[in-house]
>>> print(open('run10.cif').read())   # mmCIF, C-alpha atoms
data_upload
#
loop_
_atom_site.label_atom_id
_atom_site.label_comp_id
_atom_site.auth_asym_id
_atom_site.auth_seq_id
_atom_site.Cartn_x
_atom_site.Cartn_y
_atom_site.Cartn_z
CA MET W 1 120.82 42.90 184.80
CA ALA W 2 123.04 40.38 186.59
CA ARG W 3 124.70 43.21 188.49
CA MET W 4 121.43 44.33 190.05
CA LYS W 5 121.45 44.02 193.80
CA ARG W 6 118.90 41.64 195.27
CA THR W 7 116.89 42.78 198.22
CA ASN W 8 118.28 41.11 201.33
CA PRO W 9 115.40 38.88 202.49
CA ASP W 10 116.46 39.33 206.12
CA PHE W 11 115.92 43.02 205.63
CA LEU W 12 112.24 42.51 205.00
CA ASN W 13 110.98 41.15 208.32
CA GLY W 14 110.21 44.28 210.30
CA VAL W 15 113.90 45.19 210.61
CA PRO W 16 113.84 48.06 208.11
CA GLU W 17 110.97 49.71 209.99
CA LEU W 18 112.94 49.41 213.21
CA LEU W 19 116.11 50.89 211.71
CA ILE W 20 114.29 53.67 209.91
CA LEU W 21 112.33 54.75 212.99
CA GLN W 22 115.47 54.63 215.13
CA LEU W 23 117.66 56.61 212.72
CA LEU W 24 114.99 59.20 211.94
CA SER W 25 114.18 59.69 215.61
CA SER W 26 117.63 61.18 216.18
CA GLN W 27 117.66 63.44 213.11
CA PRO W 28 115.57 64.12 209.99
CA MET W 29 117.03 62.61 206.80
CA TYR W 30 116.19 62.16 203.13
CA GLY W 31 116.16 58.74 201.48
CA TYR W 32 119.72 58.62 200.16
CA GLU W 33 121.10 59.94 203.44
CA LEU W 34 119.13 57.30 205.35
CA VAL W 35 120.44 54.46 203.18
CA GLN W 36 124.01 55.68 203.68
CA ALA W 37 123.41 55.87 207.44
CA ILE W 38 122.11 52.28 207.54
CA ARG W 39 125.07 51.05 205.52
CA SER W 40 127.75 52.90 207.44
CA ARG W 41 126.33 52.23 210.91
CA SER W 42 125.95 48.52 210.16
CA ASN W 43 129.56 48.40 208.95
CA GLU W 44 128.30 47.65 205.41
CA THR W 45 126.61 44.46 206.68
CA LEU W 46 123.09 45.41 205.69
CA LYS W 47 123.06 45.70 201.91
CA PHE W 48 119.82 45.84 200.01
CA GLY W 49 118.15 47.24 196.93
CA GLU W 50 118.24 50.88 197.96
CA GLY W 51 114.97 51.74 196.23
CA SER W 52 113.03 49.44 198.58
CA ILE W 53 113.48 52.00 201.36
CA TYR W 54 110.96 54.40 199.76
CA PRO W 55 107.82 52.20 199.86
CA ILE W 56 108.61 51.54 203.53
CA LEU W 57 109.04 55.25 204.23
CA HIS W 58 105.72 55.99 202.51
CA ARG W 59 103.89 53.29 204.47
CA LEU W 60 105.31 54.48 207.80
CA GLU W 61 104.27 57.98 206.82
CA SER W 62 100.72 56.89 205.99
CA GLU W 63 100.55 55.11 209.37
CA GLY W 64 101.55 58.36 211.08
CA SER W 65 104.92 57.10 212.35
CA LEU W 66 106.84 59.45 210.05
CA ALA W 67 106.28 62.97 208.75
CA SER W 68 107.82 64.36 205.59
CA ARG W 69 108.43 67.77 204.15
CA LYS W 70 110.22 69.19 201.14
CA ASP W 71 113.37 70.99 202.15
CA PHE W 72 116.48 72.41 200.50
CA VAL W 73 119.44 70.24 201.52
CA ASN W 74 122.87 70.47 199.87
CA GLY W 75 121.49 72.82 197.23
CA ARG W 76 118.63 70.59 196.14
CA GLN W 77 115.01 70.21 197.11
CA ARG W 78 114.53 66.86 198.83
CA VAL W 79 111.86 64.98 200.74
CA VAL W 80 113.08 64.89 204.32
CA TYR W 81 111.55 62.44 206.80
CA LYS W 82 111.46 62.46 210.58
CA THR W 83 109.91 60.23 213.24
CA THR W 84 106.74 61.63 214.80
CA ALA W 85 105.71 61.37 218.47
CA SER W 86 103.49 58.43 217.56
CA GLY W 87 106.40 56.88 215.66
CA LYS W 88 108.60 57.19 218.73
CA GLN W 89 105.98 55.35 220.79
CA ASN W 90 105.82 52.72 218.09
CA LEU W 91 109.62 52.49 218.08
CA LYS W 92 109.67 51.68 221.81
CA LYS W 93 107.30 48.75 221.22
CA VAL W 94 109.25 47.48 218.21
CA VAL W 95 112.58 47.76 220.04
CA SER W 96 111.19 45.85 223.02
CA LYS W 97 109.82 43.16 220.67
CA TRP W 98 113.13 42.98 218.82
CA ARG W 99 115.12 42.62 222.07
CA GLY W 100 112.74 39.82 223.08
CA VAL W 101 113.43 38.01 219.80
CA VAL W 102 117.21 38.51 220.12
CA ASP W 103 117.16 37.24 223.74
CA SER W 104 115.15 34.18 222.73
CA VAL W 105 117.46 33.36 219.84
CA ASN W 106 120.50 33.84 222.10
CA LEU W 107 118.98 31.55 224.72
CA ILE W 108 118.57 28.83 222.13
CA LEU W 109 122.03 29.36 220.68
CA GLN W 110 123.68 29.31 224.10
CA GLY W 111 121.52 26.53 225.52
CA GLY W 112 122.63 23.72 223.23
CA ASP W 113 124.26 21.81 226.11
CA HIS W 114 121.36 22.11 228.56
CA GLY W 115 119.08 19.45 227.18
CA PRO W 116 119.24 16.21 225.26
CA SER W 117 118.80 16.42 221.54
CA SER W 118 115.55 14.94 220.24
CA THR W 119 117.21 14.02 216.98
CA THR W 120 119.18 10.84 216.83
CA VAL W 121 121.74 10.46 214.12
CA ALA W 122 122.27 6.89 213.04
CA MET I 1 123.21 60.82 183.36
CA ASP I 2 122.70 57.05 183.38
CA PRO I 3 121.79 56.06 179.79
CA ALA I 4 119.52 53.26 181.06
CA ALA I 5 117.58 55.59 183.37
CA PRO I 6 114.73 56.63 180.99
CA GLN I 7 114.01 53.01 180.07
CA TRP I 8 114.12 51.93 183.71
CA ARG I 9 111.86 54.83 184.74
CA SER I 10 109.35 54.06 182.03
CA GLU I 11 109.32 50.35 182.90
CA ILE I 12 108.69 50.88 186.58
CA THR I 13 106.01 53.50 185.89
CA GLN I 14 104.17 51.21 183.48
CA ARG I 15 104.34 48.20 185.77
CA LEU I 16 103.07 50.11 188.79
CA ALA I 17 100.25 51.67 186.74
CA LYS I 18 99.29 48.23 185.42
CA GLU I 19 99.13 46.94 188.97
CA GLY I 20 96.62 49.66 189.82
CA LEU I 21 98.70 52.03 191.92
CA PRO I 22 97.42 55.60 191.62
CA HIS I 23 99.31 58.07 189.43
CA TRP I 24 100.05 60.51 192.23
CA TYR I 25 101.81 57.77 194.18
CA ILE I 26 103.80 56.49 191.18
CA GLU I 27 104.83 60.06 190.41
CA ARG I 28 106.05 60.58 193.97
CA LEU I 29 107.92 57.27 194.14
CA VAL I 30 109.64 57.71 190.76
CA CYS I 31 110.57 61.27 191.67
CA GLU I 32 112.25 60.15 194.89
CA LEU I 33 114.00 57.28 193.09
CA ASP I 34 115.27 59.74 190.48
CA ASP I 35 116.65 61.95 193.25
CA HIS I 36 118.33 58.91 194.79
CA CYS I 37 119.90 58.02 191.42
CA ARG I 38 121.18 61.56 191.09
CA ASP I 39 122.80 61.33 194.52
CA LEU I 40 124.40 58.01 193.61
CA SER I 41 125.60 59.46 190.33
CA GLU I 42 127.14 62.43 192.14
CA ALA I 43 128.86 59.96 194.48
CA GLY I 44 130.58 58.40 191.44
CA GLU I 45 128.36 55.37 190.85
CA PRO I 46 128.51 54.60 187.09
CA ARG I 47 125.11 52.82 186.83
CA PRO I 48 123.16 54.28 189.74
CA HIS I 49 119.76 52.78 188.95
CA GLU I 50 121.19 49.30 189.46
CA GLN I 51 121.84 50.18 193.10
CA LEU I 52 118.12 50.67 193.59
CA GLY I 53 117.40 46.95 193.18
CA ARG I 54 115.63 44.81 190.62
CA THR I 55 112.64 46.46 189.04
CA GLY I 56 110.45 43.46 189.95
CA ASP I 57 111.50 43.61 193.62
CA LEU I 58 110.88 47.33 193.69
CA VAL I 59 107.44 47.00 192.11
CA ASP I 60 106.54 44.22 194.57
CA ALA I 61 107.73 46.28 197.52
CA ALA I 62 105.78 49.34 196.36
CA MET I 63 102.62 47.30 195.76
CA MET I 64 102.76 45.51 199.11
CA SER I 65 103.47 48.71 200.94
CA PHE I 66 100.72 50.71 199.22
CA ARG I 67 98.10 47.96 199.49
CA SER I 68 98.74 47.43 203.18
CA ARG I 69 97.30 50.90 203.84
CA THR I 70 93.64 50.04 203.24
CA LEU I 71 91.25 47.17 203.92
CA LEU I 72 90.42 46.89 200.20
CA GLY I 73 94.13 46.66 199.47
CA ARG I 74 94.74 43.99 202.09
CA ARG I 75 91.57 41.92 201.51
CA PRO I 76 90.56 42.47 197.88
CA LEU I 77 88.30 39.43 197.53
CA ALA I 78 86.09 40.27 200.50
CA GLY I 79 86.29 44.02 199.93
CA PHE I 80 85.56 44.13 196.21
CA LEU I 81 82.83 41.50 196.43
CA GLY I 82 81.07 42.47 199.66
CA GLY I 83 81.91 46.19 199.70
CA PRO I 84 79.67 47.28 196.80
CA MET I 85 76.70 45.26 198.10
CA LEU I 86 77.09 46.72 201.57
CA LEU I 87 77.45 50.29 200.30
CA ALA I 88 74.49 49.87 197.92
CA ALA I 89 72.25 48.56 200.71
CA ILE I 90 73.38 51.31 203.13
CA SER I 91 72.88 54.09 200.58
CA TRP I 92 69.44 52.82 199.54
CA ILE I 93 68.16 52.23 203.06
CA GLY I 94 69.79 55.47 204.23
CA TYR I 95 68.24 57.57 201.47
CA PHE I 96 64.69 56.27 201.92
CA GLY I 97 65.06 56.13 205.70
CA VAL I 98 66.02 59.81 205.88
CA SER I 99 63.38 60.80 203.29
CA PHE I 100 60.55 58.98 205.06
CA ALA I 101 61.68 60.28 208.44
CA MET I 102 61.60 63.85 207.11
CA MET I 103 58.17 63.32 205.56
CA ARG I 104 56.86 61.84 208.81
CA PHE I 105 58.29 64.84 210.66
CA THR I 106 56.59 67.30 208.30
CA PHE I 107 53.30 65.54 207.54
CA GLU I 108 50.84 63.41 209.49
CA SER I 109 51.18 60.54 207.04
CA LEU I 110 52.45 59.65 203.60
CA ASP I 111 48.88 60.00 202.29
CA GLU I 112 48.77 63.58 203.50
CA ALA I 113 52.18 64.23 201.92
CA CYS I 114 50.90 62.78 198.64
CA ARG I 115 47.82 64.94 198.74
CA GLU I 116 49.42 68.20 199.83
CA GLN I 117 52.92 68.07 198.34
CA SER I 118 52.73 65.51 195.58
CA TRP I 119 55.68 67.11 193.72
CA LEU I 120 57.88 66.64 196.80
CA VAL I 121 56.95 62.97 197.18
CA LYS I 122 57.47 62.36 193.48
CA SER I 123 60.88 64.03 193.67
CA VAL I 124 61.89 61.86 196.61
CA PHE I 125 60.99 58.70 194.69
CA LEU I 126 62.63 59.94 191.51
CA GLY I 127 65.74 60.81 193.51
CA GLY I 128 65.66 57.31 194.96
CA ARG I 129 66.35 55.99 191.48
CA ILE I 130 69.46 58.11 191.07
CA ILE I 131 70.97 59.20 194.39
CA PRO I 132 71.58 55.79 196.10
CA PRO I 133 73.37 54.25 193.08
CA MET I 134 75.39 57.45 192.60
CA LEU I 135 76.36 57.54 196.28
CA ALA I 136 77.29 53.86 196.43
CA THR I 137 79.29 54.01 193.18
CA GLY I 138 81.06 57.27 194.03
CA VAL I 139 82.06 56.21 197.53
CA PHE I 140 83.15 52.76 196.41
CA MET I 141 85.25 54.08 193.54
CA TRP I 142 86.92 56.57 195.85
CA LEU I 143 87.78 53.75 198.26
CA ALA I 144 88.91 51.49 195.41
CA SER I 145 91.17 54.21 193.99
CA ARG I 146 93.07 54.23 197.28
CA SER I 147 93.45 50.45 197.41
CA GLY I 148 96.17 50.09 194.76
CA GLN I 149 94.45 47.04 193.29
CA PRO I 150 94.25 46.39 189.53
CA PHE I 151 91.31 47.58 187.43
CA ARG I 152 89.84 44.08 187.04
CA TRP I 153 88.75 44.11 190.70
CA LEU I 154 86.99 47.45 190.24
CA ALA I 155 85.34 46.27 187.00
CA GLY I 156 83.94 43.26 188.85
CA SER I 157 82.61 45.47 191.62
CA LEU I 158 80.95 47.87 189.17
CA ALA I 159 79.27 44.94 187.44
CA THR I 160 78.02 43.79 190.87
CA LEU I 161 76.66 47.27 191.58
CA CYS I 162 74.89 47.41 188.19
CA LEU I 163 73.26 44.03 188.82
CA PHE I 164 72.35 45.03 192.36
CA PHE I 165 70.58 48.18 191.26
CA PHE I 166 68.92 46.52 188.26
CA PHE I 167 67.54 43.49 190.07
CA GLY I 168 67.74 44.87 193.58
CA PRO I 169 65.66 47.19 195.69
CA ALA I 170 63.13 49.51 194.11
CA ALA I 171 60.69 51.90 195.68
CA HIS I 172 57.56 52.41 193.62
CA LEU I 173 54.77 54.84 194.33
CA SER I 174 51.40 55.27 192.65
CA MET I 175 49.94 58.60 193.61
CA PRO I 176 46.41 58.58 195.09
CA THR I 177 43.65 58.62 192.49
CA VAL I 178 39.88 58.68 192.66
CA LEU I 179 39.82 54.89 192.39
CA GLU I 180 42.69 54.36 194.83
CA PRO I 181 42.57 57.29 197.21
CA GLU I 182 45.39 56.03 199.41
CA GLY I 183 47.83 55.43 196.56
CA ILE I 184 50.17 52.48 196.42
CA LEU I 185 53.59 52.42 198.00
CA ALA I 186 55.61 49.39 197.05
CA LEU I 187 59.11 48.57 198.17
CA SER I 188 60.11 45.69 195.97
CA PHE I 189 63.13 43.42 195.88
CA PRO I 190 64.84 41.17 193.32
CA PHE I 191 63.10 40.20 190.09
CA SER I 192 59.82 41.96 190.89
CA PHE I 193 59.16 44.32 188.01
CA ILE I 194 55.67 45.59 188.72
CA SER I 195 55.28 47.54 185.51
CA THR I 196 57.10 48.81 182.44
CA GLU I 197 57.54 52.08 184.29
CA GLN I 198 59.33 50.27 187.08
CA LEU I 199 61.49 48.33 184.64
CA LEU I 200 62.56 51.67 183.17
CA GLY I 201 63.23 52.88 186.70
CA GLN I 202 65.49 49.87 187.32
CA LEU I 203 67.34 50.66 184.10
CA VAL I 204 67.81 54.25 185.30
CA GLN I 205 69.26 52.91 188.58
CA ALA I 206 71.75 50.69 186.74
CA SER I 207 72.61 53.52 184.32
CA ALA I 208 73.30 55.85 187.26
CA VAL I 209 76.02 53.41 188.32
CA VAL I 210 77.63 53.49 184.86
CA VAL I 211 77.43 57.28 184.49
CA THR I 212 78.81 57.92 187.99
CA ALA I 213 81.59 55.38 187.45
CA GLY I 214 82.60 57.16 184.23
CA ALA I 215 82.60 60.57 185.88
CA VAL I 216 84.55 59.45 188.97
CA TRP I 217 87.03 57.55 186.79
CA THR I 218 87.71 60.72 184.79
CA VAL I 219 88.35 62.66 188.01
CA ILE I 220 90.61 59.90 189.37
CA ARG I 221 92.61 59.73 186.14
CA SER I 222 93.19 63.47 186.27
CA GLY I 223 94.54 62.85 189.77
CA ALA I 224 94.11 66.33 191.15
CA PRO I 225 91.64 65.80 194.03
CA LEU I 226 93.32 62.63 195.23
CA ARG I 227 96.74 64.05 196.07
CA THR I 228 96.01 63.58 199.75
CA ALA I 229 99.29 61.88 200.60
CA GLY I 230 101.43 64.64 199.18
CA VAL I 231 104.46 65.98 200.91
CA GLU I 232 104.26 69.14 202.94
CA GLU I 233 105.99 71.97 201.08
#
>>> encode(input="run10.cif", output="structure tokens")
Amino acid sequence: MARMKRTNPDFLNGVPELLILQLLSSQPMYGYELVQAIRSRSNETLKFGEGSIYPILHRLESEGSLASRKDFVNGRQRVVYKTTASGKQNLKKVVSKWRGVVDSVNLILQGGDHGPSSTTVA
Amino acid sequence: MDPAAPQWRSEITQRLAKEGLPHWYIERLVCELDDHCRDLSEAGEPRPHEQLGRTGDLVDAAMMSFRSRTLLGRRPLAGFLGGPMLLAAISWIGYFGVSFAMMRFTFESLDEACREQSWLVKSVFLGGRIIPPMLATGVFMWLASRSGQPFRWLAGSLATLCLFFFFGPAAHLSMPTVLEPEGILALSFPFSFISTEQLLGQLVQASAVVVTAGAVWTVIRSGAPLRTAGVEE
């Protein structure tokens, strides 16, 4: 099983929820389609165990952020998800939080010259 | 068709079932994973199930996700220890509270109720041996079945419920007689077996927990009434 893909740990800290809500708010998708969308729109940067998307979809659905229905897509019956109104509200909060985190990290990364380092290297 | 798929499917199903996730959820997850594999296969992936991730990671993700839905899932120690006691106390107090309130509403006093409708009063007390433990057990098992926690937690809680109803609260009534015209109403608490009759009553209370647990477990295993998180057709 050495070829098995490991779940990207960075993908587990609230980011998948953010991406899923964002992608499904623009159009309903089924799991495989959603994974392909994440991969292609991140220029293949976000790689993860693809199965881990389903427990997240189910949790978001149970929280009311997503709704699902069985639909015929490309000749097969599939479970198609979409972001609900409550999910869109939730998405706004998560996006704002995420931008806050990104801004803070950027401030630190860009502010290396603004203050003296507390660590002294002998 | 990926030759490793049946083995992988069976492994993930068994591991999730062992962890206490309900059958309807496992069925749904495996079904969606199968669909995903089929899509990967159609896209030319030679071993599609390997794209899904390690079985262990997938099981962990499913468990964490499912358990985060309920308080019992998130806080099993507090929930499975305190939950049964709380439900047992609420069901017992609730049952006798409602019964006494209705008797007070209908009759002047309990004495009058005993004199005029002794069968009704007897039924209320007999029901008090069976209905509160059944209610507490049924409600708790329903909540536990949605928690996604392993069976050992539920077994511990059922043992707690049995002990609670064996040693716990008991309402005992002696109907008025010529010697004791007012009758005796006794609400007793732990370790106070007034008579052999009451000891038998306590055994009935504890047995009601076991019987209800067995019945609810059978219903849960069949899965039919619990498909509440199903997908809209």
>>> closest_residue(input="run10.cif", among="I:Val98, I:Leu72, I:Ala208, I:Ala5", to="Phe164 in chain I", atoms="only C-alpha atoms")
I:Ala208
>>> closest_atom_pairs(input="run10.cif", of="chain I", to="chain W", cutoff="10 Å", atoms="all atoms listed in the file", output="CSV")
residue,atom,partner,partner_atom,distance
I:Tyr25,CA,W:His58,CA,9.4
I:Arg28,CA,W:His58,CA,9.7
I:Leu29,CA,W:Tyr54,CA,7.0
I:Val30,CA,W:Tyr54,CA,9.7
I:Cys31,CA,W:Val79,CA,9.9
I:Glu32,CA,W:Val79,CA,7.6
I:Leu33,CA,W:Gly51,CA,6.4
I:Asp34,CA,W:Gly51,CA,9.9
I:Asp35,CA,W:Arg78,CA,7.7
I:His36,CA,W:Tyr32,CA,5.6
I:Cys37,CA,W:Tyr32,CA,8.8
I:Arg38,CA,W:Tyr32,CA,9.6
I:Asp39,CA,W:Tyr32,CA,7.0
I:Leu40,CA,W:Tyr32,CA,8.1
I:Arg47,CA,W:Arg3,CA,9.8
I:His49,CA,W:Met4,CA,8.7
I:Glu50,CA,W:Met4,CA,5.0
I:Gln51,CA,W:Gly49,CA,6.1
I:Leu52,CA,W:Gly51,CA,4.2
I:Gly53,CA,W:Gly49,CA,3.8
I:Arg54,CA,W:Met4,CA,5.8
I:Thr55,CA,W:Met4,CA,9.1
I:Asp57,CA,W:Thr7,CA,7.1
I:Leu58,CA,W:Ser52,CA,5.7
I:Val59,CA,W:Ser52,CA,8.9
I:Asp60,CA,W:Ser52,CA,9.2
I:Ala61,CA,W:Ser52,CA,6.3
I:Ala62,CA,W:Pro55,CA,5.0
I:Met63,CA,W:Pro55,CA,8.2
I:Met64,CA,W:Pro55,CA,8.4
I:Ser65,CA,W:Pro55,CA,5.7
I:Phe66,CA,W:Arg59,CA,6.7
I:Arg67,CA,W:Arg59,CA,9.3
I:Ser68,CA,W:Arg59,CA,7.9
I:Arg69,CA,W:Arg59,CA,7.0
I:Ala229,CA,W:Ser62,CA,7.5
I:Gly230,CA,W:Ser68,CA,9.1
I:Val231,CA,W:Arg69,CA,5.4
I:Glu232,CA,W:Arg69,CA,4.6
I:Glu233,CA,W:Lys70,CA,5.1
>>> atom_distance(input="run10.cif", atom1="CA of Ala101 in chain I", atom2="CA of Gly82 in chain I")
27.8 Å
>>> residues_around(input="run10.cif", residues="range 130-140 of chain I", least_positions_apart="5", cutoff="8 Å", atoms="only C-alpha atoms", output="NGL selection string")
:I and (83-84 or 87-88 or 91-92 or 95 or 158 or 161 or 165 or 204-206 or 208-209 or 212-213 or 216)
>>> resolve_selection(input="run10.cif", expression="the PyMOL selection byres ((chain W and resi 83) around 10)", output="list in words")
Ile20, Leu21, Gln22, Leu23, Leu24, Ser25, Ser26, Gln27, Pro28, Met29, Leu60, Glu61, Gly64, Ser65, Leu66, Ala67, Ser68, Tyr81, Lys82, Thr84, Ala85, Ser86, Gly87, Lys88, Gln89, Asn90 and Leu91 of chain W
>>> atom_distance(input="run10.cif", atom1="CA of Val101 in chain W", atom2="CA of Pro16 in chain W")
15.4 Å
>>> closest_residue(input="run10.cif", among="I:Gly168, I:Gln117, I:Ser10, I:Val210", to="Met103 in chain I", atoms="only C-alpha atoms")
I:Gln117
>>> atom_distance(input="run10.cif", atom1="CA of Asp103 in chain W", atom2="CA of Glu44 in chain W")
23.8 Å
>>> residues_around(input="run10.cif", residues="His23 in chain I", least_positions_apart="5", cutoff="9 Å", atoms="only C-alpha atoms", output="JSON, numbers by chain")
{"I": [13, 16, 17, 28, 220, 221, 222, 223]}
>>> residues_around(input="run10.cif", residues="Trp153 in chain I", least_positions_apart="3", cutoff="8 Å", atoms="all atoms listed in the file", output="list of chain:residue names")
I:Pro76, I:Phe80, I:Gln149, I:Pro150, I:Gly156, I:Ser157
